[in-house]
$ cat start_17.cif   # mmCIF, C-alpha atoms and all ligand atoms
data_entry
#
loop_
_atom_site.label_atom_id
_atom_site.label_comp_id
_atom_site.auth_asym_id
_atom_site.auth_seq_id
_atom_site.Cartn_x
_atom_site.Cartn_y
_atom_site.Cartn_z
CA MET A 303 -0.72 17.18 16.50
CA GLU A 304 -4.24 17.99 15.35
CA VAL A 305 -6.76 15.30 14.42
CA PHE A 306 -9.31 16.38 11.81
CA THR A 307 -12.40 14.39 10.99
CA SER A 308 -14.06 16.78 8.56
CA VAL A 309 -12.88 17.80 5.11
CA LYS A 310 -13.78 21.42 5.89
CA SER A 311 -11.66 21.69 9.04
CA LEU A 312 -8.69 19.99 7.39
CA ARG A 313 -8.98 22.30 4.36
CA ASN A 314 -9.09 25.38 6.64
CA PHE A 315 -5.91 24.22 8.39
CA LEU A 316 -4.17 23.46 5.10
CA ASP A 317 -5.25 26.78 3.51
CA GLN A 318 -3.17 28.52 6.20
CA GLN A 319 -0.16 26.32 5.45
CA ILE A 320 -0.48 26.85 1.69
CA LEU A 321 -0.72 30.65 2.23
CA GLN A 322 2.59 30.43 4.08
CA GLN A 323 3.97 28.39 1.15
CA LYS A 324 4.78 25.44 3.39
CA PRO A 325 5.48 22.21 1.49
CA ILE A 326 2.99 19.48 2.42
CA GLY A 327 3.65 15.74 2.47
CA LEU A 328 0.75 13.25 2.49
CA ILE A 329 0.82 9.66 3.72
CA PRO A 330 -2.49 7.93 2.93
CA THR A 331 -3.05 4.92 5.21
CA MET A 332 -5.80 2.63 6.42
CA GLY A 333 -4.44 2.81 9.97
CA ALA A 334 -3.28 -0.09 12.18
CA LEU A 335 0.05 1.62 11.78
CA HIS A 336 3.44 -0.07 12.05
CA GLU A 337 7.08 0.86 11.50
CA GLY A 338 6.57 0.72 7.73
CA HIS A 339 4.09 3.62 7.95
CA ILE A 340 6.34 5.48 10.35
CA SER A 341 9.20 5.25 7.82
CA LEU A 342 6.90 7.10 5.37
CA ILE A 343 6.23 9.78 8.00
CA GLU A 344 10.00 10.14 8.52
CA ALA A 345 10.57 10.44 4.77
CA SER A 346 7.92 13.14 4.54
CA LYS A 347 9.24 15.06 7.54
CA ALA A 348 12.68 15.18 5.94
CA GLU A 349 11.28 16.91 2.84
CA ASN A 350 8.21 18.89 3.94
CA ASP A 351 7.22 21.41 6.61
CA ILE A 352 3.83 19.80 7.07
CA THR A 353 3.16 16.04 7.18
CA ILE A 354 -0.44 14.86 6.96
CA CYS A 355 -1.35 11.22 7.59
CA SER A 356 -4.81 10.05 6.59
CA VAL A 357 -6.27 7.12 8.48
CA PHE A 358 -9.30 5.74 6.66
CA VAL A 359 -10.36 2.14 6.08
CA ASN A 360 -11.82 2.69 2.63
CA PRO A 361 -14.76 0.32 2.10
CA THR A 362 -14.88 0.84 -1.66
CA GLN A 363 -11.56 -0.92 -2.22
CA PHE A 364 -12.58 -4.14 -0.43
CA ASN A 365 -14.17 -6.84 -2.49
CA ASN A 366 -14.38 -9.19 0.47
CA ALA A 367 -16.86 -8.23 3.20
CA GLU A 368 -15.07 -10.29 5.85
CA ASP A 369 -11.71 -8.67 5.07
CA LEU A 370 -13.33 -5.23 5.50
CA LEU A 371 -15.03 -6.25 8.75
CA LYS A 372 -11.88 -7.76 10.22
CA TYR A 373 -9.53 -5.02 9.06
CA PRO A 374 -7.88 -3.75 12.29
CA ARG A 375 -9.03 -0.32 13.46
CA THR A 376 -6.76 1.20 16.10
CA LEU A 377 -7.11 4.98 15.72
CA GLU A 378 -6.09 5.84 19.29
CA GLU A 379 -2.85 3.83 19.12
CA ASP A 380 -2.23 5.17 15.61
CA CYS A 381 -2.50 8.76 16.87
CA VAL A 382 0.01 8.05 19.67
CA MET A 383 2.48 6.62 17.14
CA LEU A 384 1.95 9.55 14.77
CA GLU A 385 2.34 12.12 17.51
CA ASN A 386 5.60 10.46 18.66
CA ALA A 387 6.81 10.38 15.05
CA GLY A 388 6.25 14.14 14.72
CA CYS A 389 3.37 14.04 12.25
CA SER A 390 1.74 17.49 11.89
CA ALA A 391 -1.89 16.40 11.58
CA VAL A 392 -4.09 13.36 11.11
CA PHE A 393 -7.11 13.18 8.86
CA ALA A 394 -9.48 10.47 10.12
CA PRO A 395 -12.81 10.95 8.34
CA SER A 396 -15.92 8.79 8.66
CA VAL A 397 -17.17 6.82 5.65
CA GLU A 398 -19.98 9.39 5.23
CA GLU A 399 -17.49 12.26 5.26
CA MET A 400 -15.27 10.63 2.66
CA HIS A 401 -18.02 9.15 0.50
CA PRO A 402 -21.13 11.33 1.05
CA GLU A 403 -22.56 9.75 -2.09
CA PRO A 404 -21.50 6.55 -3.82
CA ALA A 405 -19.14 7.48 -6.64
CA VAL A 406 -20.55 7.07 -10.13
CA LEU A 407 -17.12 7.54 -11.72
CA LYS A 408 -15.20 4.37 -12.51
CA ILE A 409 -11.46 4.36 -12.98
CA ASN A 410 -10.17 1.59 -15.20
CA PHE A 411 -6.40 1.18 -15.09
CA GLY A 412 -6.40 -1.15 -18.11
CA SER A 413 -3.55 -3.64 -18.24
CA LEU A 414 -2.20 -2.37 -14.91
CA GLU A 415 -5.20 -3.84 -13.14
CA SER A 416 -5.85 -6.96 -15.19
CA VAL A 417 -3.09 -8.84 -13.34
CA MET A 418 -2.17 -9.86 -9.79
CA GLU A 419 -4.10 -7.83 -7.16
CA GLY A 420 -6.43 -6.41 -9.81
CA ALA A 421 -7.28 -9.86 -11.15
CA SER A 422 -7.74 -11.35 -7.67
CA ARG A 423 -9.65 -8.39 -6.24
CA PRO A 424 -12.01 -7.00 -8.92
CA GLY A 425 -12.80 -3.32 -8.36
CA HIS A 426 -10.01 -2.88 -5.83
CA PHE A 427 -7.99 -0.37 -7.85
CA ASN A 428 -11.08 1.58 -8.86
CA GLY A 429 -11.73 2.08 -5.12
CA VAL A 430 -8.08 2.97 -4.45
CA GLY A 431 -7.93 5.35 -7.43
CA ILE A 432 -11.04 7.26 -6.38
CA VAL A 433 -10.18 7.57 -2.69
CA VAL A 434 -6.55 8.55 -3.37
CA SER A 435 -7.74 11.17 -5.90
CA LYS A 436 -10.06 12.56 -3.21
CA PHE A 437 -7.15 12.73 -0.73
CA PHE A 438 -5.00 14.50 -3.32
CA ASN A 439 -7.76 17.05 -3.99
CA ILE A 440 -8.51 17.64 -0.31
CA VAL A 441 -4.91 17.83 0.95
CA ARG A 442 -3.21 19.27 -2.18
CA PRO A 443 0.16 17.79 -1.16
CA HIS A 444 3.47 18.60 -2.83
CA ARG A 445 4.59 15.02 -2.25
CA ALA A 446 2.74 11.78 -1.53
CA TYR A 447 4.44 8.79 0.08
CA PHE A 448 3.65 5.14 -0.63
CA GLY A 449 5.39 1.90 0.32
CA GLN A 450 6.98 -0.35 -2.27
CA LYS A 451 5.30 -3.30 -0.56
CA ASP A 452 2.17 -2.41 -2.55
CA LEU A 453 4.04 -2.45 -5.85
CA GLN A 454 0.95 -2.65 -8.04
CA GLN A 455 -0.71 0.17 -6.08
CA VAL A 456 2.38 2.29 -6.73
CA ALA A 457 2.19 1.55 -10.48
CA VAL A 458 -1.51 2.46 -10.53
CA ILE A 459 -1.00 5.69 -8.58
CA ARG A 460 1.92 6.68 -10.81
CA ARG A 461 -0.53 6.38 -13.73
CA LEU A 462 -3.28 8.25 -11.83
CA ILE A 463 -0.93 11.19 -11.22
CA ILE A 464 0.14 11.33 -14.88
CA ASP A 465 -3.30 10.81 -16.40
CA LEU A 466 -5.11 13.31 -14.15
CA ALA A 467 -2.20 15.81 -14.00
CA PHE A 468 -2.01 15.85 -10.22
CA ASP A 469 0.64 18.43 -9.38
CA LEU A 470 2.64 16.39 -6.90
CA LYS A 471 5.62 14.10 -6.64
CA LEU A 472 5.14 10.41 -5.91
CA VAL A 473 7.74 9.17 -3.41
CA VAL A 474 8.12 5.40 -3.14
CA CYS A 475 9.75 4.14 0.06
CA PRO A 476 11.34 0.71 0.67
CA THR A 477 9.45 -2.13 2.34
CA ILE A 478 10.19 -2.36 6.07
CA ARG A 479 10.62 -5.92 7.36
CA GLU A 480 10.54 -7.71 10.69
CA THR A 481 13.93 -9.16 11.69
CA ASP A 482 12.87 -12.54 10.24
CA GLY A 483 12.10 -10.94 6.87
CA LEU A 484 8.29 -10.77 7.05
CA ALA A 485 7.14 -7.56 5.36
CA MET A 486 5.38 -5.31 7.87
CA SER A 487 1.66 -5.19 7.20
CA SER A 488 -1.44 -4.23 9.15
CA ARG A 489 -2.79 -7.68 8.28
CA ASN A 490 0.06 -9.42 10.18
CA ARG A 491 -1.79 -8.80 13.44
CA ARG A 492 -4.52 -11.17 12.25
CA LEU A 493 -2.05 -14.08 12.06
CA SER A 494 -2.18 -16.73 14.78
CA GLU A 495 1.06 -17.51 16.62
CA ASP A 496 1.67 -20.57 14.43
CA GLU A 497 0.87 -18.68 11.23
CA ARG A 498 3.15 -15.82 12.25
CA ALA A 499 5.98 -18.31 12.83
CA ILE A 500 5.86 -19.65 9.28
CA ALA A 501 4.92 -16.39 7.51
CA PRO A 502 8.61 -15.53 6.75
CA HIS A 503 8.64 -18.37 4.19
CA ILE A 504 7.15 -15.82 1.81
CA TYR A 505 10.22 -13.61 1.91
CA ARG A 506 12.59 -16.59 2.04
CA ILE A 507 11.13 -17.96 -1.21
CA LEU A 508 11.21 -14.49 -2.79
CA VAL A 509 14.89 -14.06 -1.94
CA SER A 510 15.94 -17.52 -3.11
CA SER A 511 13.95 -17.06 -6.35
CA LYS A 512 15.68 -13.74 -6.95
CA SER A 513 19.10 -15.39 -6.44
CA ASP A 514 18.16 -18.17 -8.86
CA LEU A 515 17.09 -15.65 -11.49
CA LEU A 516 20.27 -13.63 -11.06
CA ALA A 517 22.26 -16.86 -11.39
CA GLY A 518 20.64 -17.38 -14.79
CA LYS A 519 17.90 -19.93 -13.99
CA ALA A 520 14.98 -19.72 -16.45
CA ILE A 521 12.01 -17.64 -15.25
CA ASN A 522 9.50 -20.48 -15.82
CA ALA A 523 11.65 -22.89 -13.83
CA VAL A 524 11.92 -20.42 -10.94
CA ILE A 525 8.15 -19.89 -10.92
CA GLN A 526 7.53 -23.64 -10.98
CA SER A 527 9.98 -24.24 -8.15
CA ALA A 528 8.33 -21.51 -6.01
CA GLN A 529 4.88 -23.00 -6.70
CA GLU A 530 6.17 -26.41 -5.63
CA GLN A 531 7.68 -25.00 -2.44
CA PHE A 532 4.35 -23.42 -1.52
CA ALA A 533 2.49 -26.60 -2.37
CA GLY A 534 4.74 -28.33 0.19
CA LEU A 535 3.79 -25.78 2.87
CA LYS A 536 0.23 -26.86 3.55
CA GLU A 537 -0.68 -23.79 5.63
CA PHE A 538 -0.25 -21.57 2.56
CA THR A 539 -2.53 -21.21 -0.43
CA LEU A 540 -0.61 -19.44 -3.15
CA ASP A 541 -2.68 -16.91 -5.07
CA TYR A 542 -0.01 -15.79 -7.54
CA PHE A 543 3.74 -15.76 -7.98
CA GLU A 544 4.79 -13.57 -10.91
CA VAL A 545 8.00 -12.21 -12.38
CA VAL A 546 7.10 -8.85 -13.92
CA ASP A 547 8.31 -5.52 -15.21
CA VAL A 548 8.08 -3.00 -12.34
CA LYS A 549 6.29 -0.31 -14.35
CA THR A 550 4.06 -2.22 -16.79
CA LEU A 551 3.46 -5.19 -14.42
CA MET A 552 3.52 -7.47 -17.45
CA SER A 553 5.16 -10.89 -17.06
CA ILE A 554 8.66 -10.86 -18.47
CA GLU A 555 10.46 -13.56 -20.44
CA SER A 556 13.97 -12.41 -19.62
CA ILE A 557 15.47 -10.30 -16.86
CA GLY A 558 15.79 -6.58 -17.74
CA ALA A 559 17.94 -3.73 -16.43
CA VAL A 560 18.73 -3.48 -12.71
CA GLY A 561 15.70 -2.13 -10.84
CA SER A 562 13.19 -2.96 -13.59
CA ASN A 563 12.32 -6.52 -12.48
CA ALA A 564 10.06 -7.60 -9.66
CA ILE A 565 8.90 -10.87 -8.20
CA CYS A 566 5.43 -10.41 -6.74
CA ILE A 567 3.56 -12.80 -4.56
CA ALA A 568 0.18 -13.10 -2.84
CA ALA A 569 -0.62 -16.03 -0.57
CA PHE A 570 -3.27 -16.91 1.96
CA LEU A 571 -1.98 -18.01 5.32
CA GLY A 572 -5.11 -19.34 6.97
CA PRO A 573 -7.72 -16.65 6.30
CA VAL A 574 -5.18 -13.83 5.96
CA ARG A 575 -4.01 -12.76 2.52
CA LEU A 576 -0.43 -11.49 2.49
CA ILE A 577 1.45 -9.82 -0.35
CA ASP A 578 5.13 -9.10 -0.83
CA ASN A 579 7.65 -8.43 -3.59
CA VAL A 580 11.32 -7.90 -4.32
CA VAL A 581 12.59 -5.50 -6.95
CA PHE A 582 15.96 -6.18 -8.55
O1 LIG B 601 -2.32 1.32 0.89
C1 LIG B 601 -3.34 1.60 1.55
O2 LIG B 601 -3.36 1.53 2.77
C2 LIG B 601 -4.61 2.05 0.82
O3 LIG B 601 -4.77 1.34 -0.35
C3 LIG B 601 -4.67 3.56 0.58
C4 LIG B 601 -3.57 4.03 -0.37
C5 LIG B 601 -4.56 4.30 1.90
C6 LIG B 601 -6.01 3.95 -0.06
O4 LIG B 601 -7.08 3.62 0.76
#
$ encode --input "start_17.cif" --output "structure tokens" --more "lines below"
Ligand code: PAF
Amino acid sequence: MEVFTSVKSLRNFLDQQILQQKPIGLIPTMGALHEGHISLIEASKAENDITICSVFVNPTQFNNAEDLLKYPRTLEEDCVMLENAGCSAVFAPSVEEMHPEPAVLKINFGSLESVMEGASRPGHFNGVGIVVSKFFNIVRPHRAYFGQKDLQQVAVIRRLIIDLAFDLKLVVCPTIRETDGLAMSSRNRRLSEDERAIAPHIYRILVSSKSDLLAGKAINAVIQSAQEQFAGLKEFTLDYFEVVDVKTLMSIESIGAVGSNAICIAAFLGPVRLIDNVVF
């Protein structure tokens, strides 16, 4: 498995693959890899000859300096995991390589970013949109793999691909969970032992809320009940708990067709902000 740090060397490698008409799969990551990322590598390997994983903690998508500073960086371990998973090559550029000049372009995703993560983290999706566009232009993948855990990111990238006519297929893969239900996330390693022990409440409340909605309980009542449950768990500070349409991300007043509804949550557990969702 080759590890490229410069755009030029990665492009040279990929030019050869493109000449040989080999399908390329891209998994953009910020590293600190876990089984969730590896499931994306597996999905790509099943459909492409070449699987490229980018590992880059993108500063322009952080609106919180401490979050950026504390974001885990574990490139050596990541490379071992990727090699074992059969990834073809890793792209691990420096900030200067990826952003030689601060971008002047601003991407505004409109209503897709005025809610949830976009509302809580101003500028986040502009940073994501620009860096993902750069990865698409550098790697020129046939398919790009993203986890459903970042549901809003998936909605934004779906729009990016349509609006900028990127010639690739977006593949969305299911959230991978620990045995106690906690969604795998690079941020989980920042949880203390006590925080880690209670973190699965997030998924538990998501699942019970979903059951209540499917049983016909009113959406407002379900939201209120979830808010009350979090208020009773003093370690958590709930940021949002929303019942939305999967594609538009707008709050819904009644449950739609199977697969079109999502409950999305963001909560602080101590200093660590966790997100999760269920689609149904
Ligand atoms: O989901 C992530 O890890 C990041 O937002 C991404 C897509 C790699 C862009 O930096």
$ residues_near_ligand --input "start_17.cif" --ligand "ligand LIG 601 (chain B)" --cutoff "7 Å" --atoms "only C-alpha atoms and all ligand atoms" --output "list in words"
Pro330, Thr331, Met332, Phe358, Val359, Asn360, Val430, Val433, Val434 and Asp452 of chain A
$ closest_residue --input "start_17.cif" --among "A:Ala345, A:Asn439, A:Leu516, A:Asn366" --to "A:Ala467" --atoms "all atoms listed in the file"
A:Asn439
$ atom_distance --input "start_17.cif" --atom1 "atom CA of A:Leu571" --atom2 "atom CA of A:Phe538"
4.8 Å
$ closest_residue --input "start_17.cif" --among "A:Gln319, A:Ser308, A:Asn314, A:Ser356" --to "A:Tyr447" --atoms "all atoms listed in the file"
A:Ser356
$ atom_distance --input "start_17.cif" --atom1 "atom CA of A:Val580" --atom2 "atom CA of A:Gln363"
24.0 Å
$ closest_residue --input "start_17.cif" --among "A:Val357, A:Ile500, A:Leu321, A:Ile463" --to "A:Leu535" --atoms "all atoms listed in the file"
A:Ile500
$ closest_residue --input "start_17.cif" --among "A:Ser341, A:Thr539, A:Gln455, A:Asn428" --to "A:Arg479" --atoms "all atoms listed in the file"
A:Ser341
$ closest_residue --input "start_17.cif" --among "A:Gly572, A:Thr550, A:Arg313, A:Asn365" --to "A:Ala421" --atoms "only C-alpha atoms"
A:Asn365
$ residues_around --input "start_17.cif" --residues "A:Val581" --least-positions-apart "2" --cutoff "7 Å" --atoms "only C-alpha atoms" --output "PyMOL selection string"
chain A and resi 561+563-565+579
$ closest_residue --input "start_17.cif" --among "A:Asp578, A:Glu337, A:Asp317, A:Glu403" --to "A:Val441" --atoms "all atoms listed in the file"
A:Asp317
$ residues_near_point --input "start_17.cif" --point "(0.2, 8.0, 6.2)" --cutoff "10 Å" --atoms "only C-alpha atoms" --output "compact mmCIF listing (two decimals) with C-alpha atoms, in the coordinates of the input"
# COMPACT_ATOMS: atom_id res chain seq x y z
CA GLY A 327 3.65 15.74 2.47
CA LEU A 328 0.75 13.25 2.49
CA ILE A 329 0.82 9.66 3.72
CA PRO A 330 -2.49 7.93 2.93
CA THR A 331 -3.05 4.92 5.21
CA MET A 332 -5.80 2.63 6.42
CA GLY A 333 -4.44 2.81 9.97
CA LEU A 335 0.05 1.62 11.78
CA GLY A 338 6.57 0.72 7.73
CA HIS A 339 4.09 3.62 7.95
CA ILE A 340 6.34 5.48 10.35
CA SER A 341 9.20 5.25 7.82
CA LEU A 342 6.90 7.10 5.37
CA ILE A 343 6.23 9.78 8.00
CA SER A 346 7.92 13.14 4.54
CA THR A 353 3.16 16.04 7.18
CA ILE A 354 -0.44 14.86 6.96
CA CYS A 355 -1.35 11.22 7.59
CA SER A 356 -4.81 10.05 6.59
CA VAL A 357 -6.27 7.12 8.48
CA PHE A 358 -9.30 5.74 6.66
CA LEU A 384 1.95 9.55 14.77
CA CYS A 389 3.37 14.04 12.25
CA VAL A 392 -4.09 13.36 11.11
CA PHE A 393 -7.11 13.18 8.86
CA ALA A 446 2.74 11.78 -1.53
CA TYR A 447 4.44 8.79 0.08
CA PHE A 448 3.65 5.14 -0.63
CA GLY A 449 5.39 1.90 0.32
$ atom_distance --input "start_17.cif" --atom1 "atom CA of A:Glu544" --atom2 "atom CA of A:Ile459"
20.2 Å
$ residues_near_point --input "start_17.cif" --point "(4.0, -4.4, -16.3)" --cutoff "12 Å" --atoms "all atoms listed in the file" --output "ChimeraX atom specification"
/A:411-418,453-454,456-458,461,544-555,562-566
$ axis_aligned_box --input "start_17.cif" --around "stretch 507-524 of chain A" --padding-each-side "6 Å" --output "lines of an AutoDock Vina configuration file"
center_x = 15.9
center_y = -18.3
center_z = -8.8
size_x = 24.8
size_y = 21.3
size_z = 27.2
